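*Asks:* So I've got this file, my_file_36.cif, and it contains mmCIF, C-alpha atoms and all ligand atoms:
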data_coords
#
loop_
_atom_site.label_atom_id
_atom_site.label_comp_id
_atom_site.auth_asym_id
_atom_site.auth_seq_id
_atom_site.Cartn_x
_atom_site.Cartn_y
_atom_site.Cartn_z
CA MET E 1 0.00 0.00 0.00
CA SER E 2 1.55 3.31 -1.02
CA GLU E 3 0.40 6.60 0.43
CA ALA E 4 1.98 8.87 -2.16
CA ALA E 5 -0.83 11.41 -2.21
CA GLU E 6 -0.89 11.99 1.51
CA THR E 7 2.78 11.82 2.41
CA GLY E 8 4.40 13.02 -0.79
CA THR E 9 6.56 9.92 -0.93
CA ASN E 10 6.70 6.92 -3.18
CA ALA E 11 8.20 4.80 -0.42
CA PRO E 12 6.70 1.31 -0.39
CA ILE E 13 4.85 1.40 2.93
CA VAL E 14 2.79 -1.41 4.42
CA PHE E 15 0.71 -0.41 7.43
CA GLY E 16 -0.08 -2.97 10.10
CA GLU E 17 -3.76 -3.57 10.85
CA GLU E 18 -3.86 -1.67 14.13
CA VAL E 19 -1.97 1.30 12.66
CA ALA E 20 -4.16 1.41 9.55
CA ALA E 21 -7.26 1.50 11.77
CA ALA E 22 -5.75 4.24 13.95
CA ARG E 23 -4.96 6.34 10.87
CA ALA E 24 -8.49 5.94 9.56
CA ALA E 25 -9.92 6.96 12.95
CA GLY E 26 -7.47 9.83 13.47
CA LYS E 27 -6.05 8.24 16.63
CA PRO E 28 -2.57 9.22 17.84
CA VAL E 29 0.24 6.92 16.70
CA VAL E 30 3.77 6.56 18.15
CA ALA E 31 6.60 5.16 16.03
CA LEU E 32 9.13 2.70 17.51
CA GLU E 33 12.51 1.69 16.11
CA SER E 34 13.62 -1.90 15.61
CA THR E 35 17.43 -1.69 15.85
CA ILE E 36 17.05 -1.80 19.60
CA VAL E 37 15.32 -5.18 19.06
CA THR E 38 17.82 -6.69 16.60
CA HIS E 39 21.08 -5.08 17.74
CA GLY E 40 20.43 -3.45 21.11
CA MET E 41 19.21 -6.26 23.36
CA PRO E 42 19.73 -10.05 23.57
CA TRP E 43 17.01 -12.62 22.89
CA PRO E 44 14.49 -13.08 24.52
CA ARG E 45 14.56 -9.82 26.46
CA ASN E 46 14.45 -7.95 23.14
CA VAL E 47 11.03 -9.29 22.13
CA GLU E 48 9.66 -9.12 25.68
CA THR E 49 10.68 -5.47 25.84
CA ALA E 50 9.28 -4.69 22.39
CA ARG E 51 5.92 -6.16 23.41
CA GLN E 52 5.94 -4.36 26.75
CA VAL E 53 6.77 -1.03 25.11
CA GLU E 54 3.89 -1.45 22.66
CA ALA E 55 1.57 -2.19 25.61
CA ASP E 56 2.83 0.92 27.43
CA ILE E 57 1.89 3.06 24.43
CA ARG E 58 -1.62 1.57 24.28
CA ALA E 59 -2.03 2.08 28.04
CA HIS E 60 -1.50 5.80 27.46
CA GLY E 61 -4.12 6.04 24.73
CA ALA E 62 -2.00 5.84 21.57
CA VAL E 63 -1.24 3.14 19.01
CA PRO E 64 2.31 1.72 18.60
CA ALA E 65 3.92 1.47 15.15
CA THR E 66 7.12 -0.55 15.28
CA ILE E 67 9.01 -0.02 12.03
CA ALA E 68 11.14 -2.53 10.10
CA ILE E 69 12.08 -3.46 6.53
CA LEU E 70 10.74 -6.78 5.24
CA ASP E 71 10.32 -8.17 1.73
CA GLY E 72 11.26 -4.88 0.08
CA ALA E 73 8.71 -2.77 2.00
CA LEU E 74 8.75 -0.46 4.98
CA HIS E 75 6.46 -2.05 7.53
CA VAL E 76 4.83 0.46 9.85
CA GLY E 77 3.25 -1.57 12.64
CA LEU E 78 4.26 -5.23 12.99
CA SER E 79 2.12 -8.20 13.93
CA ASP E 80 3.23 -10.07 17.03
CA ALA E 81 4.46 -13.01 14.92
CA THR E 82 6.52 -10.69 12.70
CA LEU E 83 7.98 -8.93 15.72
CA GLU E 84 9.08 -12.26 17.17
CA ARG E 85 10.54 -13.41 13.84
CA LEU E 86 12.57 -10.20 13.62
CA ALA E 87 13.76 -10.53 17.22
CA ARG E 88 14.97 -14.11 16.62
CA ALA E 89 16.50 -13.53 13.19
CA GLU E 90 20.24 -13.52 12.55
CA GLY E 91 21.82 -11.30 9.95
CA VAL E 92 19.22 -8.53 9.94
CA MET E 93 20.73 -5.36 8.47
CA LYS E 94 21.02 -2.43 10.87
CA CYS E 95 19.62 0.32 8.66
CA SER E 96 20.41 3.96 9.10
CA ARG E 97 19.90 6.68 6.48
CA ALA E 98 22.59 5.23 4.22
CA ASP E 99 21.12 1.72 4.30
CA LEU E 100 17.36 2.12 4.10
CA ALA E 101 16.91 2.24 0.32
CA PHE E 102 19.56 -0.49 -0.16
CA ALA E 103 17.70 -2.93 2.11
CA LEU E 104 14.41 -2.11 0.35
CA ALA E 105 15.85 -2.47 -3.15
CA THR E 106 17.61 -5.76 -2.40
CA LYS E 107 14.72 -7.11 -0.30
CA ARG E 108 16.90 -7.82 2.73
CA PRO E 109 15.40 -7.83 6.20
CA GLY E 110 16.40 -4.68 8.03
CA SER E 111 15.87 -2.98 11.35
CA THR E 112 15.71 0.79 11.54
CA THR E 113 17.89 3.09 13.66
CA VAL E 114 16.68 6.42 14.99
CA ALA E 115 17.62 8.10 11.68
CA ALA E 116 15.86 5.55 9.47
CA THR E 117 12.85 5.34 11.79
CA MET E 118 12.46 9.12 11.57
CA MET E 119 12.53 8.91 7.76
CA ALA E 120 9.93 6.13 7.79
CA ALA E 121 7.73 7.78 10.41
CA HIS E 122 7.70 11.02 8.45
CA ALA E 123 6.87 9.20 5.22
CA ALA E 124 4.01 7.50 7.09
CA GLY E 125 2.70 10.74 8.60
CA ILE E 126 3.71 9.90 12.20
CA GLU E 127 4.99 12.81 14.28
CA VAL E 128 6.13 11.24 17.56
CA PHE E 129 8.72 8.50 18.03
CA ALA E 130 10.04 6.77 21.15
CA THR E 131 13.52 5.25 21.44
CA GLY E 132 16.12 4.48 24.11
CA GLY E 133 18.94 6.87 23.36
CA ILE E 134 19.95 8.56 20.13
CA GLY E 135 23.31 8.08 18.44
CA GLY E 136 25.65 11.07 18.40
CA VAL E 137 29.28 12.16 18.28
CA HIS E 138 31.50 9.30 19.39
CA ARG E 139 34.45 9.78 21.73
CA GLY E 140 37.53 10.28 19.58
CA ALA E 141 35.43 11.53 16.66
CA GLU E 142 38.12 14.14 16.02
CA THR E 143 40.20 11.28 14.59
CA THR E 144 37.59 8.63 13.61
CA PHE E 145 34.95 11.07 12.24
CA ASP E 146 32.32 8.74 13.77
CA VAL E 147 29.19 10.85 14.08
CA SER E 148 25.80 9.13 13.99
CA ALA E 149 23.47 9.91 11.11
CA ASP E 150 20.81 10.34 13.82
CA LEU E 151 22.03 13.92 14.31
CA ASP E 152 21.68 14.86 10.64
CA GLU E 153 18.23 13.33 10.53
CA LEU E 154 17.14 15.28 13.62
CA GLY E 155 18.33 18.40 11.79
CA ARG E 156 16.13 17.78 8.79
CA THR E 157 13.09 15.59 9.53
CA PRO E 158 10.14 16.98 11.50
CA VAL E 159 9.57 14.20 14.03
CA CYS E 160 9.59 14.54 17.82
CA VAL E 161 12.05 11.95 19.17
CA VAL E 162 11.61 10.95 22.81
CA SER E 163 14.85 9.55 24.25
CA ALA E 164 16.72 9.26 27.55
CA GLY E 165 19.30 11.64 26.08
CA ALA E 166 22.20 10.40 24.02
CA LYS E 167 23.93 7.14 24.88
CA ALA E 168 26.55 7.89 27.53
CA LEU E 169 29.22 6.03 25.58
CA LEU E 170 29.28 9.10 23.32
CA ASP E 171 30.98 12.45 23.70
CA LEU E 172 27.96 14.25 25.14
CA PRO E 173 29.23 17.86 25.04
CA LYS E 174 30.11 17.49 21.34
CA THR E 175 26.76 15.79 20.68
CA LEU E 176 24.92 18.78 22.18
CA GLU E 177 27.07 21.18 20.13
CA VAL E 178 26.19 19.42 16.87
CA LEU E 179 22.48 19.34 17.78
CA GLU E 180 22.62 23.08 18.32
CA THR E 181 24.43 23.62 15.01
CA LYS E 182 21.77 21.59 13.21
CA GLY E 183 19.00 23.63 14.79
CA VAL E 184 17.53 20.87 16.93
CA PRO E 185 15.76 22.05 20.08
CA VAL E 186 16.81 19.77 22.96
CA ILE E 187 14.16 19.67 25.68
CA ALA E 188 14.87 17.98 29.00
CA TYR E 189 11.64 16.69 30.47
CA GLY E 190 11.02 17.76 34.07
CA THR E 191 14.71 18.45 34.77
CA ASP E 192 17.34 21.12 34.19
CA VAL E 193 20.14 18.73 33.27
CA PHE E 194 20.74 16.67 30.15
CA PRO E 195 20.23 13.00 31.05
CA ALA E 196 22.86 10.39 30.09
CA PHE E 197 20.83 7.28 29.15
CA TRP E 198 21.57 4.92 32.11
CA SER E 199 22.03 7.95 34.39
CA ARG E 200 19.70 10.85 35.16
CA ASP E 201 22.45 13.47 35.17
CA SER E 202 25.24 13.89 32.61
CA GLY E 203 26.63 16.89 34.50
CA LEU E 204 25.67 19.06 31.50
CA ALA E 205 22.95 21.70 31.58
CA ALA E 206 20.03 20.97 29.26
CA PRO E 207 19.38 23.64 26.61
CA TYR E 208 15.66 23.77 27.52
CA ARG E 209 13.25 22.32 30.04
CA LEU E 210 9.52 21.59 29.71
CA ASP E 211 7.34 19.82 32.28
CA THR E 212 4.20 18.58 30.51
CA PRO E 213 3.27 16.77 27.27
CA GLN E 214 0.97 19.71 26.47
CA GLU E 215 3.90 22.15 26.49
CA ILE E 216 5.82 19.87 24.12
CA ALA E 217 2.80 19.60 21.80
CA ARG E 218 2.58 23.41 21.80
CA LEU E 219 6.26 23.66 20.85
CA MET E 220 5.65 21.21 17.98
CA ALA E 221 2.75 23.34 16.76
CA MET E 222 4.92 26.46 16.85
CA ARG E 223 7.67 24.69 14.91
CA ASP E 224 5.08 23.92 12.22
CA ALA E 225 4.82 27.65 11.59
CA PHE E 226 8.29 27.49 10.04
CA PRO E 227 8.22 25.18 7.03
CA GLY E 228 11.35 23.14 6.46
CA HIS E 229 12.21 22.82 10.11
CA GLY E 230 13.66 19.53 11.38
CA GLY E 231 13.11 17.39 14.45
CA LEU E 232 12.83 17.91 18.14
CA LEU E 233 14.71 15.95 20.79
CA VAL E 234 12.99 15.28 24.10
CA ALA E 235 15.43 14.00 26.74
CA ASN E 236 13.51 12.12 29.40
CA PRO E 237 15.57 10.94 32.40
CA VAL E 238 15.43 7.26 33.35
CA PRO E 239 13.22 6.70 36.44
CA ALA E 240 15.28 7.18 39.65
CA GLU E 241 14.68 3.63 40.91
CA ALA E 242 16.18 2.16 37.71
CA GLU E 243 19.14 4.48 37.13
CA ILE E 244 22.82 3.65 37.37
CA PRO E 245 24.55 6.86 38.46
CA ALA E 246 27.09 8.30 35.99
CA GLY E 247 29.96 7.70 38.43
CA GLU E 248 29.18 3.98 38.54
CA MET E 249 28.83 3.69 34.76
CA ALA E 250 32.02 5.57 33.89
CA GLY E 251 34.41 2.63 34.36
CA ALA E 252 32.34 0.17 32.31
CA ILE E 253 31.85 2.69 29.49
CA GLU E 254 35.55 3.48 29.38
CA ARG E 255 36.53 -0.18 29.23
CA ALA E 256 33.96 -0.98 26.53
CA VAL E 257 34.94 1.97 24.34
CA HIS E 258 38.63 1.08 24.76
CA GLU E 259 37.92 -2.56 23.88
CA ALA E 260 36.03 -1.51 20.74
CA SER E 261 38.98 0.49 19.43
CA ARG E 262 41.50 -2.19 20.49
CA ARG E 263 39.58 -4.76 18.43
CA GLY E 264 39.22 -2.37 15.50
CA VAL E 265 35.42 -2.27 15.67
CA SER E 266 34.19 0.51 13.39
CA GLY E 267 31.20 1.96 11.57
CA LYS E 268 27.76 0.63 12.39
CA ASP E 269 29.19 -2.11 14.63
CA VAL E 270 30.49 0.29 17.28
CA THR E 271 27.23 1.00 19.11
CA PRO E 272 25.98 -2.64 19.28
CA PHE E 273 29.45 -3.84 20.38
CA VAL E 274 29.78 -1.29 23.15
CA LEU E 275 26.22 -1.88 24.41
CA SER E 276 26.68 -5.64 24.66
CA PHE E 277 30.12 -5.30 26.26
CA ILE E 278 28.68 -2.95 28.89
CA LEU E 279 25.87 -5.45 29.50
CA GLU E 280 28.49 -8.08 30.36
CA LEU E 281 30.58 -5.75 32.50
CA THR E 282 27.53 -4.70 34.54
CA GLN E 283 26.29 -8.31 34.73
CA GLY E 284 23.01 -7.42 33.09
CA ARG E 285 22.22 -4.39 35.20
CA SER E 286 22.62 -2.00 32.25
CA LEU E 287 19.99 -4.02 30.34
CA GLU E 288 17.42 -3.62 33.13
CA THR E 289 18.07 0.13 33.09
CA ASN E 290 17.81 0.20 29.30
CA ILE E 291 14.42 -1.54 29.43
CA ALA E 292 13.12 0.82 32.13
CA LEU E 293 14.13 3.92 30.19
CA VAL E 294 12.64 2.75 26.89
CA ARG E 295 9.33 2.01 28.64
CA ASN E 296 9.43 5.41 30.30
CA ASN E 297 10.05 7.09 26.93
CA ALA E 298 7.21 5.16 25.29
CA GLY E 299 4.76 6.37 27.94
CA LEU E 300 5.83 9.99 27.51
CA ALA E 301 5.77 9.75 23.71
CA ALA E 302 2.20 8.42 23.86
CA ARG E 303 1.16 11.30 26.10
CA ILE E 304 2.77 13.80 23.69
CA ALA E 305 1.00 12.17 20.72
CA VAL E 306 -2.33 12.36 22.60
CA ALA E 307 -1.74 16.02 23.50
CA ARG E 308 -0.78 16.77 19.90
CA ALA E 309 -3.96 15.16 18.58
CA GLY E 310 -6.21 16.90 21.14
N1 LIG U 1 19.16 3.09 21.83
C1 LIG U 1 19.21 1.94 22.53
N2 LIG U 1 19.74 0.84 21.92
C2 LIG U 1 20.13 0.88 20.60
C3 LIG U 1 20.06 2.10 19.87
C4 LIG U 1 19.57 3.17 20.55
O1 LIG U 1 18.81 1.90 23.69
O2 LIG U 1 20.53 -0.15 20.08
C5 LIG U 1 20.41 2.19 18.40
C6 LIG U 1 19.49 3.22 17.76
O3 LIG U 1 18.82 2.59 16.70
C7 LIG U 1 20.38 4.33 17.29
C8 LIG U 1 21.60 3.54 16.92
O4 LIG U 1 19.84 5.07 16.23
O5 LIG U 1 21.72 2.62 18.03
C9 LIG U 1 22.79 4.43 16.70
O6 LIG U 1 23.72 3.75 15.92
P1 LIG U 1 24.91 4.57 15.22
O7 LIG U 1 25.69 5.16 16.38
O8 LIG U 1 25.68 3.53 14.46
O9 LIG U 1 24.30 5.61 14.34
MN MN U 2 28.72 5.57 13.62
#
Take the structure in the file and give it back as structure tokens.
*Replies:*
Amino acid sequence: MSEAAETGTNAPIVFGEEVAAARAAGKPVVALESTIVTHGMPWPRNVETARQVEADIRAHGAVPATIAILDGALHVGLSDATLERLARAEGVMKCSRADLAFALATKRPGSTTVAATMMAAHAAGIEVFATGGIGGVHRGAETTFDVSADLDELGRTPVCVVSAGAKALLDLPKTLEVLETKGVPVIAYGTDVFPAFWSRDSGLAAPYRLDTPQEIARLMAMRDAFPGHGGLLVANPVPAEAEIPAGEMAGAIERAVHEASRRGVSGKDVTPFVLSFILELTQGRSLETNIALVRNNAGLAARIAVARAG
């Protein structure tokens, strides 16, 4: 099913049943990425989390649309069986902006990163998207040039991305600088500091603070007054009871980043490698925190989508 007339795209989009019904009824929809399922968490916690996150969105009055590439089409909203198949599959392509059209054209199964999910969500007319943490400027980027395509996409595509900040394995000050350069408003939710994924406080001041989904919806409406604007980053701190304070994470992050460069891990493999290495170093604690923060982001994204529709 192509929605060329409505979205101005010829992208081959297949809407899941629940999402198609929500669109027809004008109900709020929240997009979800799938790289976190295929490359961010181990089986079977990945599929359990994906299901739980979808339930969290429904509990807050919106409809979840998990996005993935299957059989040469962008699937917006996956059936439970498809979600499980994706979560179990080996060799799924991690698709960012550079990879999306390639996976579609060659009919390879692909999961979507923040950047590719934003592209797909926008093509499908979805304005709010929940993830764990965005990609950004990697430590040592001054020599490796490793900067996530997520930042470029935020600069150009009008989707509100709800995250727990940027992954703390990154260079967070540089990530905030690039977001500012690209004209992306960064809004900390209910706090004055920029959160650091597993930790509530990165030690960096947040550019802006808002305290309700209604205020964020109002900001989105105001952004609409300026055609050609890009995305919005909402940084929602992990719930206090699930956080691992930055001081406790620092050692594990340092070791994992060091190990990645020692082994010559590069390109799209860096983030998955570092995440799974940190999971081992923290004996699974980082995974529990990751799950808690994604669920928290899904709930807030649903409330923003509801406020935006109302
Ligand atoms: N957040 C998580 N786990 C993940 C990711 C984010 O909690 O696995 C993924 C997202 O899909 C993000 C990607 O867009 O990592 C960034 O990869 P890269 O740095 O290669 O752009
Ligand atoms: Mn990269």
*Asks:* Could I get the residues of region 134-167 of chain E with an atom no further than 6 Å from an atom of region 179-197 of chain E, each paired with its nearest atom pair and that distance in Å to one decimal, using only C-alpha atoms, sorted by chain and residue number, as a tab-separated table?
*Replies:*
residue	atom	partner	partner_atom	distance
E:Gly155	CA	E:Lys182	CA	4.9
E:Ala164	CA	E:Phe197	CA	4.8
E:Gly165	CA	E:Pro195	CA	5.2
E:Lys167	CA	E:Phe197	CA	5.3
*Asks:* Ranking E:Thr144, E:Thr131, E:Thr49, E:Gln214 by minimum distance to Ser163 (chain E) and counting all atoms listed in the file, which one comes first?
*Replies:* E:Thr131
*Asks:* List the neighbours of region 274-280 of chain E out to 6 Å using all atoms listed in the file; skip same-chain residues closer than 4 positions along the sequence, and give me the result as a PyMOL selection string.
*Replies:* chain E and resi 252+256+284+286
*Asks:* Given all atoms listed in the file as the basis, pick out the residue of E:Arg108, E:Lys174, E:Arg51, E:Arg200 nearest to Ala65 (chain E).
*Replies:*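 Comparing E:Arg108, E:Lys174, E:Arg51, E:Arg200 against Ala65 (chain E), the winner is E:Arg51.
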*Asks:* Would you list the residues near (17.8, 5.6, 19.5), meaning any protein, DNA or RNA residue with an atom at most 10 Å from that point in file coordinates, counting only C-alpha atoms, as a PyMOL selection string?
*Replies:* chain E and resi 32-36+40+112-115+117+129-136+150+161-167+294
*Asks:* Considering only C-alpha atoms, give me a table of residues in region 179-297 of chain E that are at most 12 Å from region 89-104 of chain E, with the closest atom pair and distance in Å for each, as CSV.
*Replies:*
residue,atom,partner,partner_atom,distance
E:Gly267,CA,E:Lys94,CA,11.1
E:Lys268,CA,E:Lys94,CA,7.6
E:Asp269,CA,E:Lys94,CA,9.0
E:Val270,CA,E:Lys94,CA,11.8
E:Thr271,CA,E:Lys94,CA,10.9
E:Pro272,CA,E:Lys94,CA,9.8
*Asks:* Regenerate region 288-309 of chain E at the level of N, CA, C and O atoms and dump it as a PDB file, in the coordinates of the input.
*Replies:*
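Resulting contents of result-v5.pdb:
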ATOM      1  N   GLU E 288      18.638  -3.951  32.368  1.00  0.00           N
ATOM      2  CA  GLU E 288      17.420  -3.620  33.130  1.00  0.00           C
ATOM      3  C   GLU E 288      17.153  -2.118  33.063  1.00  0.00           C
ATOM      4  O   GLU E 288      16.011  -1.679  32.910  1.00  0.00           O
ATOM      5  N   THR E 289      18.218  -1.331  33.174  1.00  0.00           N
ATOM      6  CA  THR E 289      18.070   0.130  33.090  1.00  0.00           C
ATOM      7  C   THR E 289      17.602   0.539  31.705  1.00  0.00           C
ATOM      8  O   THR E 289      16.709   1.384  31.561  1.00  0.00           O
ATOM      9  N   ASN E 290      18.189  -0.098  30.682  1.00  0.00           N
ATOM     10  CA  ASN E 290      17.810   0.200  29.300  1.00  0.00           C
ATOM     11  C   ASN E 290      16.323  -0.070  29.079  1.00  0.00           C
ATOM     12  O   ASN E 290      15.602   0.728  28.477  1.00  0.00           O
ATOM     13  N   ILE E 291      15.837  -1.191  29.590  1.00  0.00           N
ATOM     14  CA  ILE E 291      14.420  -1.540  29.430  1.00  0.00           C
ATOM     15  C   ILE E 291      13.539  -0.504  30.144  1.00  0.00           C
ATOM     16  O   ILE E 291      12.559  -0.018  29.575  1.00  0.00           O
ATOM     17  N   ALA E 292      13.924  -0.151  31.370  1.00  0.00           N
ATOM     18  CA  ALA E 292      13.120   0.820  32.130  1.00  0.00           C
ATOM     19  C   ALA E 292      13.048   2.168  31.416  1.00  0.00           C
ATOM     20  O   ALA E 292      11.987   2.802  31.373  1.00  0.00           O
ATOM     21  N   LEU E 293      14.147   2.587  30.825  1.00  0.00           N
ATOM     22  CA  LEU E 293      14.130   3.920  30.190  1.00  0.00           C
ATOM     23  C   LEU E 293      13.356   3.898  28.871  1.00  0.00           C
ATOM     24  O   LEU E 293      12.673   4.879  28.538  1.00  0.00           O
ATOM     25  N   VAL E 294      13.411   2.809  28.140  1.00  0.00           N
ATOM     26  CA  VAL E 294      12.640   2.750  26.890  1.00  0.00           C
ATOM     27  C   VAL E 294      11.139   2.775  27.208  1.00  0.00           C
ATOM     28  O   VAL E 294      10.360   3.480  26.555  1.00  0.00           O
ATOM     29  N   ARG E 295      10.743   2.024  28.248  1.00  0.00           N
ATOM     30  CA  ARG E 295       9.330   2.010  28.640  1.00  0.00           C
ATOM     31  C   ARG E 295       8.875   3.405  29.077  1.00  0.00           C
ATOM     32  O   ARG E 295       7.792   3.864  28.716  1.00  0.00           O
ATOM     33  N   ASN E 296       9.734   4.063  29.823  1.00  0.00           N
ATOM     34  CA  ASN E 296       9.430   5.410  30.300  1.00  0.00           C
ATOM     35  C   ASN E 296       9.273   6.381  29.116  1.00  0.00           C
ATOM     36  O   ASN E 296       8.366   7.226  29.095  1.00  0.00           O
ATOM     37  N   ASN E 297      10.125   6.222  28.109  1.00  0.00           N
ATOM     38  CA  ASN E 297      10.050   7.090  26.930  1.00  0.00           C
ATOM     39  C   ASN E 297       8.792   6.798  26.112  1.00  0.00           C
ATOM     40  O   ASN E 297       8.177   7.710  25.556  1.00  0.00           O
ATOM     41  N   ALA E 298       8.413   5.526  26.042  1.00  0.00           N
ATOM     42  CA  ALA E 298       7.210   5.160  25.290  1.00  0.00           C
ATOM     43  C   ALA E 298       5.972   5.802  25.913  1.00  0.00           C
ATOM     44  O   ALA E 298       5.121   6.354  25.210  1.00  0.00           O
ATOM     45  N   GLY E 299       5.904   5.761  27.242  1.00  0.00           N
ATOM     46  CA  GLY E 299       4.760   6.370  27.940  1.00  0.00           C
ATOM     47  C   GLY E 299       4.683   7.865  27.669  1.00  0.00           C
ATOM     48  O   GLY E 299       3.606   8.402  27.351  1.00  0.00           O
ATOM     49  N   LEU E 300       5.827   8.536  27.750  1.00  0.00           N
ATOM     50  CA  LEU E 300       5.830   9.990  27.510  1.00  0.00           C
ATOM     51  C   LEU E 300       5.491  10.296  26.051  1.00  0.00           C
ATOM     52  O   LEU E 300       4.708  11.218  25.763  1.00  0.00           O
ATOM     53  N   ALA E 301       6.048   9.520  25.135  1.00  0.00           N
ATOM     54  CA  ALA E 301       5.770   9.750  23.710  1.00  0.00           C
ATOM     55  C   ALA E 301       4.268   9.603  23.431  1.00  0.00           C
ATOM     56  O   ALA E 301       3.680  10.406  22.689  1.00  0.00           O
ATOM     57  N   ALA E 302       3.646   8.605  24.055  1.00  0.00           N
ATOM     58  CA  ALA E 302       2.200   8.420  23.860  1.00  0.00           C
ATOM     59  C   ALA E 302       1.437   9.633  24.384  1.00  0.00           C
ATOM     60  O   ALA E 302       0.502  10.127  23.734  1.00  0.00           O
ATOM     61  N   ARG E 303       1.850  10.139  25.534  1.00  0.00           N
ATOM     62  CA  ARG E 303       1.160  11.300  26.100  1.00  0.00           C
ATOM     63  C   ARG E 303       1.361  12.546  25.220  1.00  0.00           C
ATOM     64  O   ARG E 303       0.463  13.375  25.079  1.00  0.00           O
ATOM     65  N   ILE E 304       2.527  12.672  24.615  1.00  0.00           N
ATOM     66  CA  ILE E 304       2.770  13.800  23.690  1.00  0.00           C
ATOM     67  C   ILE E 304       1.886  13.643  22.452  1.00  0.00           C
ATOM     68  O   ILE E 304       1.266  14.606  21.983  1.00  0.00           O
ATOM     69  N   ALA E 305       1.817  12.414  21.930  1.00  0.00           N
ATOM     70  CA  ALA E 305       1.000  12.170  20.720  1.00  0.00           C
ATOM     71  C   ALA E 305      -0.475  12.461  21.015  1.00  0.00           C
ATOM     72  O   ALA E 305      -1.188  13.030  20.171  1.00  0.00           O
ATOM     73  N   VAL E 306      -0.929  12.088  22.198  1.00  0.00           N
ATOM     74  CA  VAL E 306      -2.330  12.360  22.600  1.00  0.00           C
ATOM     75  C   VAL E 306      -2.555  13.879  22.705  1.00  0.00           C
ATOM     76  O   VAL E 306      -3.547  14.413  22.201  1.00  0.00           O
ATOM     77  N   ALA E 307      -1.610  14.562  23.336  1.00  0.00           N
ATOM     78  CA  ALA E 307      -1.740  16.020  23.500  1.00  0.00           C
ATOM     79  C   ALA E 307      -1.716  16.712  22.135  1.00  0.00           C
ATOM     80  O   ALA E 307      -2.444  17.676  21.894  1.00  0.00           O
ATOM     81  N   ARG E 308      -0.907  16.211  21.252  1.00  0.00           N
ATOM     82  CA  ARG E 308      -0.780  16.770  19.900  1.00  0.00           C
ATOM     83  C   ARG E 308      -2.069  16.572  19.108  1.00  0.00           C
ATOM     84  O   ARG E 308      -2.471  17.445  18.327  1.00  0.00           O
ATOM     85  N   ALA E 309      -2.723  15.450  19.319  1.00  0.00           N
ATOM     86  CA  ALA E 309      -3.960  15.160  18.580  1.00  0.00           C
ATOM     87  C   ALA E 309      -5.136  15.953  19.151  1.00  0.00           C
ATOM     88  O   ALA E 309      -6.114  16.241  18.445  1.00  0.00           O
TER      89      ALA E 309
END
